[in-house]
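What follows is a short report on a single structure.
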Amino acid sequence: QVQLVESGGGLVQAGDSLRLSCAASGRSFSLYAMGWFRRAPGKEREFVAAITRSGRSTNYTDSVKGRFTISRDNAKNTVWLQMNSLKPEDTAVYYCAADLATYKSTAYYATQAIDYDSWGQGTQVTVSS
C-alpha cells in the first residue's frame, strides 16, 4: 500500500485560498486513482474530488465545483487540492486517499470512500467568516 501525507491546511478567512498537498510514498503512484475527502465537525466524511491515474479526468462534489481543483504530478508522487473562494462551510479535516486501479480503465476514478485503499492522516482547514 502507498503511504500518504497531507499538508497545507490552516486557518483562513472566507474568500481566501489554500493549496493542500498529498505526498505519496512508493514507486507505483501512477497506478493509483486519487481522491480528497473531508469530515466536518459532527458530520460524516464526504467526497470532495477525484482524479484518474493520468490526471486527465477529474470529478467534484457539487458544493466545490468551480472553486476547487484537483491535480497530480506522477513524477513527484503528489496530488494537490487547490481551494479558492473558501467558505466557512468548507471547514473540515481534509483527507487524501489512494485507490489502486492497476486493472481498471484509465478513465476510472472513485467517489465512494469504500473504494479507496489507503488514507492519509488528514489536515485541518478552518475558514472563518
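Just remember, in the C-alpha cells the first chain shown is A, the second B, etc., residues are 1-based per chain, and ligands are 1-based in the order shown.
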
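For Gln82 in chain A, the residues within 12 Å (counting only C-alpha atoms, excluding itself and residues fewer than 6 positions away along the chain) are Gly8, Gly9, Asp16, Ser17, Leu18, Arg19, Leu20, Ser21, Cys22, Trp36, Val48, Ala49, Val64, Lys65, Gly66, Arg67, Phe68, Thr69, Ile70, Ser71 and Arg72 of chain A.
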
Which residues are close to Arg39 in chain A, i.e. within 7 Å by only C-alpha atoms, leaving aside same-chain residues fewer than 2 positions away? Reply as a PDB file with C-alpha atoms, in the first residue's frame.
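Result went into part.pdb, see below:
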```
ATOM      1  CA  PRO A  41     -17.399  18.600  12.863  1.00  0.00           C
ATOM      2  CA  LYS A  43     -20.804  15.298  10.069  1.00  0.00           C
ATOM      3  CA  GLU A  44     -19.925  12.198   8.111  1.00  0.00           C
ATOM      4  CA  ARG A  45     -16.940  12.020   5.804  1.00  0.00           C
ATOM      5  CA  GLU A  46     -17.817  13.279   2.349  1.00  0.00           C
ATOM      6  CA  ALA A  92     -13.200  20.279   7.916  1.00  0.00           C
ATOM      7  CA  VAL A  93     -10.368  17.827   8.198  1.00  0.00           C
ATOM      8  CA  TYR A  94      -9.303  17.017   4.664  1.00  0.00           C
TER       9      TYR A  94
END
```

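Residues in contact with Val2 in chain A at 7 Å, where only C-alpha atoms are counted and same-chain residues fewer than 5 positions away are skipped, are listed as Ala24, Ser25, Gly26 and Ser118 of chain A.
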
Counting only C-alpha atoms, which residues of range 53-126 of chain A fall within 12 Å of range 11-14 of chain A, and what is the closest atom pair for each with its distance in Å at one decimal, ordered by chain and rising number, as CSV?
```
residue,atom,partner,partner_atom,distance
A:Met83,CA,A:Val12,CA,11.2
A:Asn84,CA,A:Ala14,CA,9.6
A:Ser85,CA,A:Ala14,CA,6.9
A:Leu86,CA,A:Ala14,CA,5.3
A:Lys87,CA,A:Ala14,CA,5.0
A:Pro88,CA,A:Ala14,CA,6.2
A:Glu89,CA,A:Ala14,CA,9.5
A:Asp90,CA,A:Ala14,CA,9.4
A:Thr91,CA,A:Leu11,CA,9.1
A:Ala92,CA,A:Leu11,CA,10.9
A:Val93,CA,A:Leu11,CA,11.7
A:Thr123,CA,A:Leu11,CA,11.1
A:Gln124,CA,A:Leu11,CA,8.3
A:Val125,CA,A:Leu11,CA,6.2
A:Thr126,CA,A:Leu11,CA,4.7
```

Include N, CA, C and O atoms and write out the residues we just selected as an mmCIF file, in the first residue's frame.
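Below is the file that was written, selection.cif:
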```
data_model
loop_
_atom_site.group_PDB
_atom_site.id
_atom_site.type_symbol
_atom_site.label_atom_id
_atom_site.label_comp_id
_atom_site.auth_asym_id
_atom_site.auth_seq_id
_atom_site.Cartn_x
_atom_site.Cartn_y
_atom_site.Cartn_z
ATOM 1 N N MET A 83 -7.853 25.159 -3.398
ATOM 2 C CA MET A 83 -9.157 25.584 -2.895
ATOM 3 C C MET A 83 -9.232 27.106 -2.923
ATOM 4 O O MET A 83 -8.472 27.782 -2.222
ATOM 5 N N ASN A 84 -10.107 27.621 -3.746
ATOM 6 C CA ASN A 84 -10.310 29.063 -3.875
ATOM 7 C C ASN A 84 -11.676 29.460 -3.344
ATOM 8 O O ASN A 84 -12.563 28.612 -3.191
ATOM 9 N N SER A 85 -11.828 30.735 -3.073
ATOM 10 C CA SER A 85 -13.113 31.272 -2.609
ATOM 11 C C SER A 85 -13.670 30.433 -1.466
ATOM 12 O O SER A 85 -14.844 30.037 -1.471
ATOM 13 N N LEU A 86 -12.827 30.193 -0.487
ATOM 14 C CA LEU A 86 -13.225 29.326 0.618
ATOM 15 C C LEU A 86 -14.371 29.925 1.417
ATOM 16 O O LEU A 86 -14.488 31.158 1.568
ATOM 17 N N LYS A 87 -15.214 29.023 1.912
ATOM 18 C CA LYS A 87 -16.384 29.403 2.690
ATOM 19 C C LYS A 87 -16.296 28.753 4.074
ATOM 20 O O LYS A 87 -15.659 27.709 4.222
ATOM 21 N N PRO A 88 -16.965 29.337 5.059
ATOM 22 C CA PRO A 88 -16.949 28.705 6.387
ATOM 23 C C PRO A 88 -17.411 27.249 6.352
ATOM 24 O O PRO A 88 -16.908 26.422 7.120
ATOM 25 N N GLU A 89 -18.315 26.925 5.459
ATOM 26 C CA GLU A 89 -18.802 25.547 5.378
ATOM 27 C C GLU A 89 -17.780 24.581 4.790
ATOM 28 O O GLU A 89 -18.008 23.373 4.759
ATOM 29 N N ASP A 90 -16.655 25.092 4.332
ATOM 30 C CA ASP A 90 -15.557 24.227 3.883
ATOM 31 C C ASP A 90 -14.683 23.769 5.053
ATOM 32 O O ASP A 90 -13.781 22.947 4.863
ATOM 33 N N THR A 91 -14.945 24.297 6.232
ATOM 34 C CA THR A 91 -14.180 23.915 7.413
ATOM 35 C C THR A 91 -14.325 22.423 7.671
ATOM 36 O O THR A 91 -15.442 21.905 7.778
ATOM 37 N N ALA A 92 -13.190 21.725 7.750
ATOM 38 C CA ALA A 92 -13.200 20.279 7.916
ATOM 39 C C ALA A 92 -11.767 19.781 8.010
ATOM 40 O O ALA A 92 -10.819 20.518 7.732
ATOM 41 N N VAL A 93 -11.641 18.519 8.373
ATOM 42 C CA VAL A 93 -10.368 17.827 8.198
ATOM 43 C C VAL A 93 -10.401 17.214 6.803
ATOM 44 O O VAL A 93 -11.352 16.506 6.458
ATOM 45 N N THR A 123 -5.542 16.820 7.256
ATOM 46 C CA THR A 123 -5.046 18.155 7.560
ATOM 47 C C THR A 123 -6.246 19.067 7.791
ATOM 48 O O THR A 123 -7.224 19.024 7.040
ATOM 49 N N GLN A 124 -6.161 19.879 8.843
ATOM 50 C CA GLN A 124 -7.296 20.712 9.251
ATOM 51 C C GLN A 124 -7.362 21.986 8.407
ATOM 52 O O GLN A 124 -6.356 22.690 8.248
ATOM 53 N N VAL A 125 -8.538 22.272 7.900
ATOM 54 C CA VAL A 125 -8.809 23.527 7.209
ATOM 55 C C VAL A 125 -9.933 24.224 7.964
ATOM 56 O O VAL A 125 -11.009 23.659 8.162
ATOM 57 N N THR A 126 -9.652 25.442 8.406
ATOM 58 C CA THR A 126 -10.651 26.222 9.128
ATOM 59 C C THR A 126 -10.847 27.550 8.407
ATOM 60 O O THR A 126 -9.878 28.279 8.176
#
```

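Computed from the coordinates, the CA of Ser63 in chain A to CA of Ser30 in chain A distance equals 27.7 Å.
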
Could you please determine the separation between CA of Gly120 in chain A and CA of Lys76 in chain A in Å, to one decimal place? 16.9 Å

Nearby residues (only C-alpha atoms) at most 7 Å from Asp99 in chain A, same-chain spacing under 3 positions excluded, as a ChimeraX atom specification: /A:32-34,115-118

Go ahead and save the residues from that selection, with N, CA and C atoms, as an mmCIF file, in the first residue's frame.
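Written out: selection.cif:
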```
data_model
loop_
_atom_site.group_PDB
_atom_site.id
_atom_site.type_symbol
_atom_site.label_atom_id
_atom_site.label_comp_id
_atom_site.auth_asym_id
_atom_site.auth_seq_id
_atom_site.Cartn_x
_atom_site.Cartn_y
_atom_site.Cartn_z
ATOM 1 N N TYR A 32 -2.426 4.514 -9.071
ATOM 2 C CA TYR A 32 -3.499 4.859 -8.135
ATOM 3 C C TYR A 32 -4.349 6.000 -8.665
ATOM 4 N N ALA A 33 -5.655 5.786 -8.653
ATOM 5 C CA ALA A 33 -6.570 6.910 -8.759
ATOM 6 C C ALA A 33 -6.600 7.565 -7.389
ATOM 7 N N MET A 34 -6.707 8.885 -7.357
ATOM 8 C CA MET A 34 -6.590 9.615 -6.102
ATOM 9 C C MET A 34 -7.845 10.421 -5.797
ATOM 10 N N ASP A 115 -14.085 2.528 -1.745
ATOM 11 C CA ASP A 115 -13.251 2.100 -2.871
ATOM 12 C C ASP A 115 -11.770 2.407 -2.665
ATOM 13 N N TYR A 116 -11.450 3.222 -1.702
ATOM 14 C CA TYR A 116 -10.067 3.650 -1.506
ATOM 15 C C TYR A 116 -9.327 2.721 -0.547
ATOM 16 N N ASP A 117 -8.055 2.480 -0.861
ATOM 17 C CA ASP A 117 -7.250 1.507 -0.120
ATOM 18 C C ASP A 117 -6.381 2.138 0.955
ATOM 19 N N SER A 118 -5.942 3.345 0.715
ATOM 20 C CA SER A 118 -5.007 3.990 1.633
ATOM 21 C C SER A 118 -5.464 5.409 1.925
#
```

Just the number, please: distance in Å from CA of Ala97 in chain A to CA of Gly35 in chain A, one decimal. 5.1 Å

In range 29-82 of chain A, DSSP helix (DSSP H, G or I) residues written as a PyMOL selection string: chain A and resi 29-31+62-64

Using the selection just defined, write its residues with all heavy atoms as a PDB file, in the first residue's frame.
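Dumped everything to out.pdb:
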```pdb
ATOM      1  N   PHE A  29       2.915   5.142  -7.797  1.00  0.00           N
ATOM      2  CA  PHE A  29       1.900   6.179  -7.612  1.00  0.00           C
ATOM      3  C   PHE A  29       0.999   6.301  -8.835  1.00  0.00           C
ATOM      4  O   PHE A  29      -0.196   6.541  -8.706  1.00  0.00           O
ATOM      5  CB  PHE A  29       2.587   7.513  -7.323  1.00  0.00           C
ATOM      6  CG  PHE A  29       1.639   8.652  -7.108  1.00  0.00           C
ATOM      7  CD1 PHE A  29       0.818   8.692  -5.994  1.00  0.00           C
ATOM      8  CD2 PHE A  29       1.568   9.706  -8.015  1.00  0.00           C
ATOM      9  CE1 PHE A  29      -0.049   9.748  -5.775  1.00  0.00           C
ATOM     10  CE2 PHE A  29       0.704  10.760  -7.812  1.00  0.00           C
ATOM     11  CZ  PHE A  29      -0.105  10.793  -6.686  1.00  0.00           C
ATOM     12  N   SER A  30       1.548   6.139 -10.004  1.00  0.00           N
ATOM     13  CA  SER A  30       0.769   6.305 -11.231  1.00  0.00           C
ATOM     14  C   SER A  30      -0.299   5.232 -11.418  1.00  0.00           C
ATOM     15  O   SER A  30      -1.150   5.360 -12.298  1.00  0.00           O
ATOM     16  CB  SER A  30       1.695   6.322 -12.449  1.00  0.00           C
ATOM     17  OG  SER A  30       2.374   5.079 -12.559  1.00  0.00           O
ATOM     18  N   LEU A  31      -0.267   4.185 -10.608  1.00  0.00           N
ATOM     19  CA  LEU A  31      -1.280   3.129 -10.684  1.00  0.00           C
ATOM     20  C   LEU A  31      -2.506   3.442  -9.826  1.00  0.00           C
ATOM     21  O   LEU A  31      -3.490   2.704  -9.862  1.00  0.00           O
ATOM     22  CB  LEU A  31      -0.687   1.788 -10.240  1.00  0.00           C
ATOM     23  CG  LEU A  31       0.454   1.239 -11.091  1.00  0.00           C
ATOM     24  CD1 LEU A  31       0.947  -0.080 -10.515  1.00  0.00           C
ATOM     25  CD2 LEU A  31       0.016   1.070 -12.545  1.00  0.00           C
ATOM     26  N   ASP A  62     -20.708  18.723  -5.910  1.00  0.00           N
ATOM     27  CA  ASP A  62     -21.323  19.944  -6.422  1.00  0.00           C
ATOM     28  C   ASP A  62     -20.926  21.192  -5.635  1.00  0.00           C
ATOM     29  O   ASP A  62     -20.759  22.274  -6.222  1.00  0.00           O
ATOM     30  CB  ASP A  62     -22.845  19.804  -6.424  1.00  0.00           C
ATOM     31  CG  ASP A  62     -23.338  18.870  -7.524  1.00  0.00           C
ATOM     32  OD1 ASP A  62     -22.552  18.566  -8.454  1.00  0.00           O
ATOM     33  OD2 ASP A  62     -24.492  18.445  -7.448  1.00  0.00           O
ATOM     34  N   SER A  63     -20.778  21.060  -4.335  1.00  0.00           N
ATOM     35  CA  SER A  63     -20.541  22.240  -3.498  1.00  0.00           C
ATOM     36  C   SER A  63     -19.184  22.887  -3.724  1.00  0.00           C
ATOM     37  O   SER A  63     -18.967  24.027  -3.293  1.00  0.00           O
ATOM     38  CB  SER A  63     -20.709  21.883  -2.022  1.00  0.00           C
ATOM     39  OG  SER A  63     -19.752  20.917  -1.642  1.00  0.00           O
ATOM     40  N   VAL A  64     -18.264  22.197  -4.384  1.00  0.00           N
ATOM     41  CA  VAL A  64     -16.932  22.778  -4.603  1.00  0.00           C
ATOM     42  C   VAL A  64     -16.632  23.027  -6.072  1.00  0.00           C
ATOM     43  O   VAL A  64     -15.569  23.577  -6.400  1.00  0.00           O
ATOM     44  CB  VAL A  64     -15.815  21.892  -3.995  1.00  0.00           C
ATOM     45  CG1 VAL A  64     -16.117  21.578  -2.540  1.00  0.00           C
ATOM     46  CG2 VAL A  64     -15.605  20.616  -4.800  1.00  0.00           C
TER      47      VAL A  64
END
```

Where in chain A does DSSP assign strand (DSSP E or B), given as a ChimeraX atom specification? /A:4-7,10-13,18-24,32-39,46-51,58-60,68-73,78-83,92-100,118-119,123-128

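Here the question is which of A:Thr111, A:Ser28, A:Gln1, A:Ser7 gets nearest to Leu81 in chain A using only C-alpha atoms, and that residue is A:Ser7.
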
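Among the candidates A:Gly42, A:Gly15, A:Gly10, A:Gly55, the one nearest to Gly122 in chain A when counting only C-alpha atoms is A:Gly10.
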